[in-house]
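S.K.: Okay, here's the structure, questions in a sec.
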Amino acid sequence: MTLKPIILKVLTAGEGGVGKTTLLHRYVDGIFMADTHMTIGVEFFLKEFIIEGKNVALQLWDFGGQERFRFLLQSYAAGAKGALIMFDLTRPLTLDRIDDWVKICRAGNSKAPILFLGTKMDLENDISVDDDYVDELMKKHNFLDYIKVSSKTGENVHKSFEKLSREILIKLGII
């Protein structure tokens, strides 16, 4: 008998081009897609796994990062248990609207855990975001943690989703 999964709605948010869809393809399908298309509005992914003996189904909502879709997103955030907010380590401008993304992701749940992800860590020579500035944002928004990831190599991808999922399950009193 299989256990009915615990369904957790998780948002992925951040500016256009930071690698949200690429990260989700790496996590869900185990592949690196170098040429994903721009997400219009929201796309969905589903990933089931076992954590501490619990069958979990992550319902992953991939928010389009373009400004023109943003008005839709706050209503889509309803029921979310947590979020991944991403920025591109090689483009400091992708940090400029973090406040907006936090507001959207916590619209339905002001205490929702948010994991802060710096993407494209494999582009070591191009990284131009200062860790001290990231630390300031971490404190300001009370993020769960900050992890640098690479969808290309897969580094820290599974770790990120597991960390957020574990925190959500703890907050819900499930583990």
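Chains: A, B, ... in order of the structure tokens. Residues: from 1 per chain. Ligands: from 1, in order shown.
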Which neighbours of Leu172 of chain A fall inside 12 Å, counting only C-alpha atoms, when residues of the same chain fewer than 5 positions from it are skipped, and could you give them as a ChimeraX atom specification?
M.R.: /A:6-8,81-82,111-113,165-167
S.K.: Please identify the alpha helix (DSSP H) residues within chain A (assignment by DSSP from backbone atoms) and present them as number ranges by chain.
M.R.: A: 20-29, 70-76, 98-105, 131-141, 157-171
S.K.: Which of segment 32-62 of chain A end up as strand (DSSP E) when DSSP is run on this backbone - answer as a PyMOL selection string?
M.R.: chain A and resi 42-51+54-62
S.K.: Near Phe32 of chain A, within 8 Å and counting only C-alpha atoms, which residues show up once chain neighbours fewer than 5 positions away are dropped, as a ChimeraX atom specification?
M.R.: /A:22,25-26,151-153
S.K.: Quick one: everything within 12 Å of Asp29 of chain A, counting only C-alpha atoms, minus sequence neighbours fewer than 2 positions away in the same chain. Send it as JSON, numbers by chain.
M.R.: {"A": [21, 22, 23, 24, 25, 26, 27, 31, 32, 33, 45, 46, 47, 48, 151, 154, 157, 158]}
S.K.: If you keep N, CA and C atoms, can you produce a file of those selected residues as a tab-separated table (two decimals), in the first residue's frame?
M.R.:
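Once written, part_12.tsv looks like this:
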chain	number	residue	atom	x	y	z
A	21	THR	N	13.18	28.11	-14.50
A	21	THR	CA	12.69	26.96	-15.27
A	21	THR	C	13.80	25.93	-15.46
A	22	THR	N	15.00	26.40	-15.71
A	22	THR	CA	16.15	25.50	-15.89
A	22	THR	C	16.40	24.69	-14.61
A	23	LEU	N	16.31	25.36	-13.46
A	23	LEU	CA	16.48	24.68	-12.17
A	23	LEU	C	15.40	23.61	-11.98
A	24	LEU	N	14.17	23.94	-12.33
A	24	LEU	CA	13.08	22.97	-12.16
A	24	LEU	C	13.25	21.77	-13.08
A	25	HIS	N	13.69	21.99	-14.31
A	25	HIS	CA	13.95	20.85	-15.20
A	25	HIS	C	15.08	19.98	-14.66
A	26	ARG	N	16.11	20.59	-14.10
A	26	ARG	CA	17.22	19.83	-13.50
A	26	ARG	C	16.70	18.99	-12.34
A	27	TYR	N	15.89	19.60	-11.49
A	27	TYR	CA	15.40	18.90	-10.30
A	27	TYR	C	14.38	17.81	-10.65
A	31	ILE	N	17.72	16.84	-16.00
A	31	ILE	CA	18.43	17.28	-17.21
A	31	ILE	C	18.73	18.77	-17.15
A	32	PHE	N	19.76	19.16	-17.89
A	32	PHE	CA	20.09	20.57	-18.04
A	32	PHE	C	19.60	21.03	-19.40
A	33	MET	N	18.73	22.01	-19.38
A	33	MET	CA	18.21	22.58	-20.63
A	33	MET	C	18.79	23.98	-20.76
A	45	PHE	N	5.26	22.11	-12.26
A	45	PHE	CA	6.06	20.89	-12.23
A	45	PHE	C	5.61	20.10	-11.00
A	46	LEU	N	5.79	18.78	-11.04
A	46	LEU	CA	5.44	17.94	-9.90
A	46	LEU	C	6.59	16.99	-9.63
A	47	LYS	N	6.96	16.87	-8.37
A	47	LYS	CA	8.05	15.96	-7.99
A	47	LYS	C	7.66	15.26	-6.71
A	48	GLU	N	7.67	13.92	-6.74
A	48	GLU	CA	7.39	13.13	-5.54
A	48	GLU	C	8.68	12.53	-5.01
A	151	SER	N	22.35	24.76	-12.13
A	151	SER	CA	21.48	23.83	-12.86
A	151	SER	C	22.30	23.06	-13.89
A	154	GLY	N	24.24	20.61	-11.62
A	154	GLY	CA	23.35	19.98	-10.65
A	154	GLY	C	23.75	20.25	-9.21
A	157	VAL	N	21.27	21.44	-6.17
A	157	VAL	CA	19.88	21.53	-6.62
A	157	VAL	C	18.97	20.70	-5.71
A	158	HIS	N	19.26	19.40	-5.57
A	158	HIS	CA	18.43	18.54	-4.71
A	158	HIS	C	18.49	19.01	-3.26
S.K.: I'd like the neighbourhood of Ile98 of chain A as a PyMOL selection string, where a residue qualifies if any of its atoms comes within 9 Å (using only C-alpha atoms), though same-chain residues fewer than 3 positions away should be ignored.
M.R.: chain A and resi 14-15+85-87+94-95+101-103+137
S.K.: Write out as an NGL selection string the residues lying within 9 Å of Met121 of chain A, counting only C-alpha atoms and excluding same-chain residues fewer than 4 positions away.
M.R.: :A and (88-90 or 126-127 or 148-151 or 155)
S.K.: Write the residues you've just listed into a file as a CSV table (one decimal), in the first residue's frame, and include N, CA and C atoms for each of them.
M.R.:
chain,number,residue,atom,x,y,z
A,88,ASP,N,20.5,35.8,-10.2
A,88,ASP,CA,21.7,35.3,-11.0
A,88,ASP,C,22.9,35.9,-10.4
A,89,LEU,N,23.8,35.0,-10.0
A,89,LEU,CA,25.1,35.5,-9.3
A,89,LEU,C,25.9,36.3,-10.3
A,90,THR,N,25.7,36.3,-11.6
A,90,THR,CA,26.5,37.0,-12.6
A,90,THR,C,25.8,38.3,-12.9
A,126,ASP,N,32.5,34.8,-13.7
A,126,ASP,CA,31.6,35.9,-14.0
A,126,ASP,C,30.8,36.4,-12.8
A,127,ILE,N,31.0,35.7,-11.6
A,127,ILE,CA,30.2,36.0,-10.4
A,127,ILE,C,30.5,37.4,-10.0
A,148,LYS,N,24.0,28.6,-3.0
A,148,LYS,CA,24.4,28.8,-4.4
A,148,LYS,C,24.2,27.5,-5.2
A,149,VAL,N,23.6,27.6,-6.3
A,149,VAL,CA,23.3,26.4,-7.1
A,149,VAL,C,23.8,26.5,-8.6
A,150,SER,N,23.9,25.4,-9.2
A,150,SER,CA,24.2,25.3,-10.6
A,150,SER,C,23.2,24.3,-11.3
A,151,SER,N,22.3,24.8,-12.1
A,151,SER,CA,21.5,23.8,-12.9
A,151,SER,C,22.3,23.1,-13.9
A,155,GLU,N,24.8,21.0,-9.0
A,155,GLU,CA,25.3,21.2,-7.6
A,155,GLU,C,24.3,22.0,-6.8
S.K.: Ranking A:Ala34, A:Leu73, A:Ile147, A:Leu3 by minimum distance to Asp131 of chain A and counting only C-alpha atoms, which one comes first?
M.R.: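 So, comparing all the options, the nearest one is A:Ile147.
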S.K.: Would you work out the distance separating atom CA of Leu11 of chain A from atom CA of Lys159 of chain A, expressed in Å to one decimal?
M.R.: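 Computed distance, atom CA of Leu11 of chain A to atom CA of Lys159 of chain A, equals 16.4 Å.
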S.K.: List the spatial neighbours of Val134 of chain A as a list in words - criterion: any atom at most 9 Å away, only C-alpha atoms, same-chain residues fewer than 5 positions off excluded.
M.R.: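 So the residues in contact are Leu95, Phe116, Val129, Lys139 and Tyr146 of chain A.
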S.K.: Any chance you could export the current selection's C-alpha atoms as a CSV table (one decimal), in the first residue's frame?
M.R.:
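Just written: selection-v2.csv:
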chain,number,residue,atom,x,y,z
A,95,LEU,CA,18.6,41.5,-6.8
A,116,PHE,CA,17.3,32.3,-1.3
A,129,VAL,CA,27.3,39.5,-6.5
A,139,LYS,CA,18.5,39.2,7.5
A,146,TYR,CA,21.1,31.1,1.2
S.K.: Which is closer to Pro92 of chain A than all the others in A:Ile170, A:Val10, A:Val18, A:Leu60, using only C-alpha atoms?
M.R.: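 Nearest to Pro92 of chain A: A:Val18.
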S.K.: What is the atom CA of Phe143 of chain A-atom CA of Gly173 of chain A distance in Å, reported with one decimal?
M.R.: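 Between atom CA of Phe143 of chain A and atom CA of Gly173 of chain A the gap is 19.6 Å.
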S.K.: For each of A:Gly19, A:Ile168, A:Asn142, A:Arg97, take the minimum atom-to-atom distance to Gly118 of chain A, counting only C-alpha atoms, then give the residue where this is smallest.
M.R.: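 Checking each of A:Gly19, A:Ile168, A:Asn142, A:Arg97 against Gly118 of chain A, counting only C-alpha atoms, the winner is A:Gly19.
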S.K.: For atom CA of Pro5 of chain A and atom CA of Ala57 of chain A, determine how far apart the two atoms are, in Å to one decimal place.
M.R.: 5.7 Å
